[in-house]
Each structure stands twice: as C-alpha cells, then as structure tokens.
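S.K.: Here you go, structure_11.txt (compact mmCIF, C-alpha atoms):
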# COMPACT_ATOMS: atom_id res chain seq x y z
CA MET A 1 185.25 173.34 101.63
CA ALA A 2 181.53 172.60 101.41
CA LYS A 3 182.20 169.84 98.88
CA MET A 4 184.78 168.21 101.18
CA LYS A 5 182.36 168.39 104.11
CA ASP A 6 179.60 166.84 101.98
CA PHE A 7 181.93 164.07 100.79
CA GLY A 8 183.01 163.34 104.35
CA GLN A 9 179.37 163.02 105.39
CA ARG A 10 178.68 160.68 102.49
CA MET A 11 181.67 158.47 103.42
CA ARG A 12 180.49 158.17 107.03
CA PHE A 13 177.00 157.22 105.92
CA LEU A 14 178.47 154.79 103.38
CA THR A 15 180.53 152.98 106.03
CA PHE A 16 177.50 152.72 108.30
CA SER A 17 175.31 151.43 105.46
CA ILE A 18 177.80 148.69 104.46
CA LEU A 19 177.89 147.41 108.04
CA LEU A 20 174.10 147.65 108.37
CA ASN A 21 173.52 145.94 105.02
CA SER A 22 175.92 143.09 105.84
CA ALA A 23 174.52 142.52 109.34
CA ALA A 24 170.89 142.72 108.20
CA ASN A 25 171.40 140.32 105.29
CA ALA A 26 173.26 137.86 107.52
CA LEU A 27 170.44 138.12 110.06
CA THR A 28 167.81 137.14 107.51
CA ILE A 29 169.90 134.16 106.40
CA SER A 30 170.25 132.98 110.02
CA THR A 31 166.48 132.97 110.57
CA ASN A 32 166.09 130.51 107.66
CA LEU A 33 162.72 132.08 106.92
CA GLY A 34 163.67 133.83 103.72
CA SER A 35 166.12 136.55 102.79
CA ALA A 36 166.05 139.52 100.47
CA VAL A 37 165.76 138.28 96.90
CA TRP A 38 169.38 138.89 95.84
CA THR A 39 170.73 137.35 99.05
CA GLY A 40 168.48 134.34 98.71
CA SER A 41 169.66 133.79 95.16
CA SER A 42 173.30 133.95 96.34
CA VAL A 43 172.66 131.34 99.04
CA ASN A 44 171.04 128.99 96.53
CA LEU A 45 173.74 129.58 93.94
CA ALA A 46 176.42 128.77 96.55
CA ASN A 47 174.58 125.55 97.39
CA TRP A 48 174.25 124.69 93.70
CA ILE A 49 177.90 125.21 92.74
CA HIS A 50 179.35 124.13 96.14
CA VAL A 51 181.38 127.29 96.70
CA PRO A 52 181.55 129.24 100.04
CA LEU A 53 178.90 131.94 100.30
CA GLY A 54 181.36 134.85 100.51
CA THR A 55 183.19 133.79 97.35
CA THR A 56 179.93 133.10 95.52
CA MET A 57 178.60 136.56 96.43
CA PHE A 58 181.82 138.16 95.20
CA VAL A 59 181.87 136.38 91.81
CA TYR A 60 178.11 136.90 91.40
CA GLY A 61 178.70 140.59 92.07
CA VAL A 62 181.37 140.80 89.37
CA VAL A 63 178.95 139.33 86.82
CA ILE A 64 176.24 141.85 87.79
CA THR A 65 178.83 144.64 87.62
CA LEU A 66 179.39 143.76 83.95
CA MET A 67 175.63 143.68 83.37
CA ASN A 68 175.36 147.20 84.77
CA GLN A 69 177.81 148.44 82.15
CA VAL A 70 175.50 147.01 79.49
CA LEU A 71 172.49 148.77 81.04
CA LEU A 72 174.38 152.06 81.01
CA GLY A 73 175.15 151.59 77.31
CA ARG A 74 178.77 152.63 77.80
CA PHE A 75 181.79 151.68 79.88
CA ASP A 76 181.78 153.71 83.10
CA ARG A 77 185.15 153.06 84.75
CA LYS A 78 184.22 154.89 87.96
CA ARG A 79 181.05 152.84 88.35
CA PHE A 80 182.84 149.59 87.53
CA VAL A 81 185.48 150.21 90.21
CA SER A 82 182.77 151.38 92.61
CA ASN A 83 180.83 148.12 92.27
CA ILE A 84 183.93 145.99 92.79
CA LEU A 85 185.04 148.01 95.83
CA TYR A 86 181.64 147.46 97.45
CA ILE A 87 181.38 143.72 96.97
CA ILE A 88 184.84 142.93 98.39
CA PRO A 89 184.00 143.81 102.03
CA PHE A 90 180.26 143.16 101.79
CA SER A 91 180.44 139.61 100.42
CA TYR A 92 182.68 138.33 103.19
CA LEU A 93 181.09 140.41 105.98
CA VAL A 94 177.75 138.70 105.28
CA GLU A 95 179.38 135.28 105.67
CA TRP A 96 181.35 136.19 108.80
CA ILE A 97 178.54 138.08 110.57
CA GLY A 98 176.27 135.14 109.76
CA TYR A 99 178.52 132.93 111.91
CA PHE A 100 177.95 135.39 114.78
CA TRP A 101 174.15 135.36 114.41
CA ASN A 102 174.20 131.56 114.35
CA TRP A 103 176.43 131.54 117.44
CA VAL A 104 174.00 133.73 119.44
CA GLY A 105 171.16 131.38 118.48
CA VAL A 106 169.04 133.34 116.02
CA GLY A 107 168.19 130.14 114.15
CA LYS A 108 167.01 128.50 117.39
CA LEU A 109 164.36 131.10 118.20
CA ASN A 110 160.74 130.01 118.04
CA LEU A 111 158.80 130.72 114.85
CA THR A 112 157.30 134.00 116.09
CA GLY A 113 160.70 135.24 117.19
CA ARG A 114 162.32 134.34 113.87
CA VAL A 115 159.53 136.04 111.89
CA ILE A 116 160.04 139.25 113.88
CA VAL A 117 163.82 139.09 113.50
CA ASP A 118 163.50 138.34 109.78
CA ILE A 119 161.30 141.40 109.25
CA ILE A 120 163.75 143.56 111.24
CA GLY A 121 166.58 142.29 109.05
CA LEU A 122 164.70 143.00 105.83
CA ILE A 123 163.80 146.51 106.96
CA GLY A 124 167.48 147.00 107.82
CA VAL A 125 168.45 145.93 104.30
CA ALA A 126 166.02 148.42 102.73
CA PHE A 127 167.27 151.24 104.99
CA ALA A 128 170.90 150.43 104.16
CA VAL A 129 170.25 150.41 100.42
CA SER A 130 168.42 153.74 100.63
CA ILE A 131 171.36 155.28 102.53
CA TYR A 132 174.14 154.17 100.23
CA GLN A 133 172.16 154.83 97.06
CA ARG A 134 171.80 158.42 98.23
CA CYS A 135 175.52 158.59 99.06
CA ASN A 136 176.37 157.19 95.60
CA VAL A 137 180.08 156.88 96.37
CA ILE A 138 180.35 153.14 95.88
CA MET A 139 177.39 150.83 95.47
CA HIS A 140 176.67 147.12 95.49
CA PRO A 141 176.21 146.07 91.85
CA ASN A 142 172.97 144.27 92.71
CA ASP A 143 171.40 147.47 94.00
CA ASP A 144 173.05 149.51 91.27
CA VAL A 145 170.85 147.56 88.83
CA ALA A 146 167.78 149.06 90.50
CA TYR A 147 169.46 152.48 90.71
CA ILE A 148 170.27 152.56 86.99
CA LEU A 149 166.81 151.32 86.06
CA ARG A 150 165.21 153.83 88.43
CA PHE A 151 166.92 156.95 87.18
CA ARG A 152 167.70 156.04 83.56
CA PHE A 153 164.54 154.21 82.49
CA LEU A 154 161.78 154.49 85.13
CA HIS A 155 161.51 158.21 85.97
CA GLY A 156 162.78 157.82 89.56
CA SER A 157 160.30 155.16 90.71
CA ALA A 158 161.98 153.14 93.51
CA VAL A 159 159.15 150.59 93.65
CA ILE A 160 159.01 149.67 89.94
CA ALA A 161 162.82 149.71 89.65
CA GLN A 162 163.17 147.33 92.58
CA TRP A 163 160.70 144.86 91.07
CA ALA A 164 162.33 145.06 87.64
CA SER A 165 165.77 144.44 89.14
CA TYR A 166 164.59 141.13 90.60
CA VAL A 167 164.55 139.36 87.23
CA PRO A 168 168.19 138.08 87.45
CA PRO A 169 168.03 136.75 91.05
CA VAL A 170 164.63 135.12 90.56
CA THR A 171 166.05 133.38 87.47
CA ILE A 172 169.01 132.10 89.53
CA ILE A 173 166.67 130.84 92.26
CA ILE A 174 164.57 128.92 89.73
CA LEU A 175 167.62 127.39 88.04
CA SER A 176 169.15 126.44 91.41
CA TYR A 177 165.96 124.64 92.38
CA VAL A 178 165.77 122.84 89.02
CA PHE A 179 169.33 121.51 89.37
CA THR A 180 169.42 120.79 93.13
CA GLY A 181 165.80 120.20 94.13
CA GLU A 182 166.40 122.45 97.16
CA LEU A 183 165.53 125.98 98.18
CA ASN A 184 167.50 127.76 100.89
CA ALA A 185 166.91 131.21 102.42
CA ILE A 186 163.70 131.44 100.40
CA GLY A 187 160.33 131.75 102.12
CA PHE A 188 158.26 134.26 104.04
CA GLY A 189 161.02 136.87 104.06
CA THR A 190 161.56 136.63 100.30
CA ILE A 191 157.89 137.35 99.61
CA TRP A 192 158.03 140.18 102.16
CA ALA A 193 161.05 141.67 100.37
CA LEU A 194 159.47 141.31 96.92
CA VAL A 195 156.38 143.20 98.06
CA THR A 196 157.81 145.78 100.44
CA GLN A 197 161.49 146.54 99.81
CA GLY A 198 160.95 149.22 97.19
CA ILE A 199 158.20 150.79 99.30
CA VAL A 200 160.36 150.81 102.45
CA MET A 201 163.30 152.25 100.48
CA ALA A 202 161.11 155.05 99.10
CA TRP A 203 159.95 155.84 102.65
CA ALA A 204 163.52 155.72 104.00
CA ASP A 205 164.70 158.17 101.32
CA TYR A 206 162.69 160.88 103.09
CA HIS A 207 162.61 159.72 106.73
CA VAL A 208 165.91 157.92 107.49
CA PHE A 209 168.66 160.56 107.70
CA PRO A 210 166.59 163.00 105.59
CA SER A 211 169.52 165.44 105.40
CA LEU A 212 171.27 162.94 103.10
CA LYS A 213 170.10 163.73 99.55
CA HIS A 214 170.43 161.72 96.34
CA HIS A 215 173.62 162.35 94.36
CA VAL A 216 172.29 161.20 90.99
CA ASP A 217 174.81 160.49 88.21
CA VAL A 218 172.84 158.66 85.50
As structure tokens, what does this structure read like?
M.R.:
Amino acid sequence: MAKMKDFGQRMRFLTFSILLNSAANALTISTNLGSAVWTGSSVNLANWIHVPLGTTMFVYGVVITLMNQVLLGRFDRKRFVSNILYIIPFSYLVEWIGYFWNWVGVGKLNLTGRVIVDIIGLIGVAFAVSIYQRCNVIMHPNDDVAYILRFRFLHGSAVIAQWASYVPPVTIIILSYVFTGELNAIGFGTIWALVTQGIVMAWADYHVFPSLKHHVDV
C-alpha cells in the first residue's frame, strides 16, 4: 500500500514537472535572449536541418536515448522506453506552448522585462528537472545524461554532472553555427544556464517539494 501511495505521488509530481519543463523552456525561447543549453541546441539544429522544432527535439531525443544506453554499458529496456515516453509529449508541448508565449507578447517585452522572464524560465527548467529526476519514473534523455553521469561516475555531484552533460549540445551549437552562420536561442540565458543550472537543481533537490526523495537506480 505504501509503495502504491509513493508511486502515485511520483506520478503526480512527474506530470507537473513535464508541464513546468515544457512551459519554462518555451518561455526562454520566446524571449530570444538565450535558452537552456539543450533547448538552444535543439532550436539551432532545427534551423540548420529545416525541420519543425517539435520533430527535431523528438529525433534528437531518440539519438540521446541511444547514447544513454552506451553510458550505462548495457541495454536497459526500462530506461530506453522511459526516455522515449518522455520526449513524445515534451517535444511537441515546447513547440505548442511557445506559440502561446509568442501570442501573449513575451518577445515584445522591453529588454529588462525579457531578461527577468528569461531568468524565471531558466529557474523553472532547473526546478522541473530536479523534480522529475527525483521521481525517476520517466525522464527526458537529455537530463538522463546528467543523471547517469551524476550517480554512476561523479559521486552524486549535480553541478559537475550538469556541466559534463553539456558536451553534446555545445557541439551541436558550434556545428550549427559553422554550417548556417546563425545562432538562435543562444545568449544571456545560455550563459546563465551553463553557470547556474546545476547549482539551482542541487538547491531545488532539498527545498522544492523536499518530501520528494531521489529514487536512484544506477
């Protein structure tokens, strides 16, 4: 009975975190001041290959899902399915919620307003990742990279794991710029995320819904 109650709690937190993560990522894109590193790389990849953002994020997620299996050193069917189940709603929610933020005029705010909104969005992303990493029911493959690195290789350090996990998206951003000569959704917010996201996540682990504990499986 206790296990069912715990699982029900985790599912409720998971649903909330997916919505928060999607809305917060879409918000940072709408400010055009820089998104979280993975999101920014998705936007630039979509621009490079001329594919809608939602579809690009989905395919990108599948590739990272396969990379996670390599990091684990074995095929984990549960984790593979988990990653795919997360990216299906998330990828398209980011695109669709982005239309809403654009409609309400987020991109037309003055610079100060967009900076504040961008920071709020990035904090929301970090909070969402902290919540669903602790739930560990299904997880976005991008954040699962950091999770696997954190608990398998880096002795639980959220900060170092987050920085290490940025190698693939930063590579995509650089290649996109080389081939298109453009950078989108990269700027102030991206630097902010690089410096602070792991720190904010570590803080959120203990202060945002502190009753929700890590369910570690690596």
S.K.: At most 9 Å from (171.9, 131.0, 96.9), file frame, only C-alpha atoms: which residues, as an mmCIF file with C-alpha atoms, in the frame of the given file?
M.R.:
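Wrote out-v3.cif, looks like this:
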data_model
loop_
_atom_site.group_PDB
_atom_site.id
_atom_site.type_symbol
_atom_site.label_atom_id
_atom_site.label_comp_id
_atom_site.auth_asym_id
_atom_site.auth_seq_id
_atom_site.Cartn_x
_atom_site.Cartn_y
_atom_site.Cartn_z
ATOM 1 C CA TRP A 38 169.380 138.890 95.840
ATOM 2 C CA THR A 39 170.730 137.350 99.050
ATOM 3 C CA GLY A 40 168.480 134.340 98.710
ATOM 4 C CA SER A 41 169.660 133.790 95.160
ATOM 5 C CA SER A 42 173.300 133.950 96.340
ATOM 6 C CA VAL A 43 172.660 131.340 99.040
ATOM 7 C CA ASN A 44 171.040 128.990 96.530
ATOM 8 C CA LEU A 45 173.740 129.580 93.940
ATOM 9 C CA ALA A 46 176.420 128.770 96.550
ATOM 10 C CA ASN A 47 174.580 125.550 97.390
ATOM 11 C CA TRP A 48 174.250 124.690 93.700
ATOM 12 C CA LEU A 53 178.900 131.940 100.300
ATOM 13 C CA THR A 56 179.930 133.100 95.520
ATOM 14 C CA MET A 57 178.600 136.560 96.430
ATOM 15 C CA ILE A 172 169.010 132.100 89.530
ATOM 16 C CA ILE A 173 166.670 130.840 92.260
ATOM 17 C CA SER A 176 169.150 126.440 91.410
ATOM 18 C CA LEU A 183 165.530 125.980 98.180
ATOM 19 C CA ASN A 184 167.500 127.760 100.890
ATOM 20 C CA ALA A 185 166.910 131.210 102.420
ATOM 21 C CA ILE A 186 163.700 131.440 100.400
#
S.K.: Neighbours of A:Val200 within 10 Å (all atoms listed in the file; same-chain residues fewer than 4 positions away dropped), as a list in words?
M.R.: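 So, after excluding close chain neighbours, the residues are Leu122, Ile123, Gly124, Val125, Ala126, Phe127, Ser130, Ala158, Val159, Ala193, Val195, Thr196, Ala204 and Asp205 of chain A.
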S.K.: Using only C-alpha atoms - which residues lie no farther than 12 Å from the point (180.7, 135.6, 110.6) in the file's frame? Write them as a PyMOL selection string.
M.R.: chain A and resi 22-23+25-27+29-30+53-54+90-104
S.K.: With a distance cut-off of 9 Å and only C-alpha atoms, select the neighbouring residues of stretch 6-16 of chain A, excluding the residue or stretch itself and same-chain residues fewer than 4 positions from it, and output the selection as a list in words.
M.R.: Met1, Ala2, Leu20, Asn21, Ala128, Ile131, Tyr132, Gln133, Arg134, Cys135, Asn136, Val137, Ile138, Met139 and Leu212 of chain A
S.K.: Store the residues of this selection in a file with C-alpha atoms, as an mmCIF file, in the coordinates of the input.
M.R.:
data_model
loop_
_atom_site.group_PDB
_atom_site.id
_atom_site.type_symbol
_atom_site.label_atom_id
_atom_site.label_comp_id
_atom_site.auth_asym_id
_atom_site.auth_seq_id
_atom_site.Cartn_x
_atom_site.Cartn_y
_atom_site.Cartn_z
ATOM 1 C CA MET A 1 185.250 173.340 101.630
ATOM 2 C CA ALA A 2 181.530 172.600 101.410
ATOM 3 C CA LEU A 20 174.100 147.650 108.370
ATOM 4 C CA ASN A 21 173.520 145.940 105.020
ATOM 5 C CA ALA A 128 170.900 150.430 104.160
ATOM 6 C CA ILE A 131 171.360 155.280 102.530
ATOM 7 C CA TYR A 132 174.140 154.170 100.230
ATOM 8 C CA GLN A 133 172.160 154.830 97.060
ATOM 9 C CA ARG A 134 171.800 158.420 98.230
ATOM 10 C CA CYS A 135 175.520 158.590 99.060
ATOM 11 C CA ASN A 136 176.370 157.190 95.600
ATOM 12 C CA VAL A 137 180.080 156.880 96.370
ATOM 13 C CA ILE A 138 180.350 153.140 95.880
ATOM 14 C CA MET A 139 177.390 150.830 95.470
ATOM 15 C CA LEU A 212 171.270 162.940 103.100
#
S.K.: Go through A:His140, A:His207, A:Lys213, A:His155 one by one, measure the shortest atom-to-atom distance of each to A:Gly61 using all atoms listed in the file, and give the residue with the smallest value.
M.R.: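 Among A:His140, A:His207, A:Lys213, A:His155, it is A:His140 that comes nearest to A:Gly61.
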S.K.: Nearest to A:Val37 among A:Trp203, A:Phe209, A:Tyr86, A:Tyr166, with distances taken over all atoms listed in the file: which residue is it?
M.R.: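 Nearest to A:Val37: A:Tyr166.
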S.K.: As an exercise, work out the distance from atom CA of A:Ser82 to atom CA of A:Asn68 in Å and give it to one decimal place.
M.R.: 11.6 Å
S.K.: Tell me which of A:Gly198, A:Pro210, A:Gly107, A:Gly187 sits closest to A:Val129, counting only C-alpha atoms.
M.R.: A:Gly198
S.K.: Could you tell me how far atom CA of A:Ile84 lies from atom CA of A:Ser165, in Å and to one decimal?
M.R.: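 Between atom CA of A:Ile84 and atom CA of A:Ser165 the gap is 18.6 Å.
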S.K.: So the first atom is atom CA of A:Ala146 and the second is atom CA of A:Ser17; what is the distance between them in Å, to one decimal place?
M.R.: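 Calculated distance between atom CA of A:Ala146 and atom CA of A:Ser17 is 16.9 Å.
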S.K.: Ranking A:Val81, A:Ile88, A:Ile119, A:Ile49 by minimum distance to A:Leu66 and counting only C-alpha atoms, which one comes first?
M.R.: A:Val81
S.K.: A:Pro89, A:Gly113, A:Gly34, A:Pro141: which is nearest A:Val62, counting only C-alpha atoms?
M.R.: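 Using only C-alpha atoms, the shortest distance to A:Val62 belongs to A:Pro141.
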S.K.: So which one's closest to A:Ala24, A:Val117, A:Leu71, A:Met201, A:Leu109? Using only C-alpha atoms, please.
M.R.: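 Closest candidate: A:Val117.
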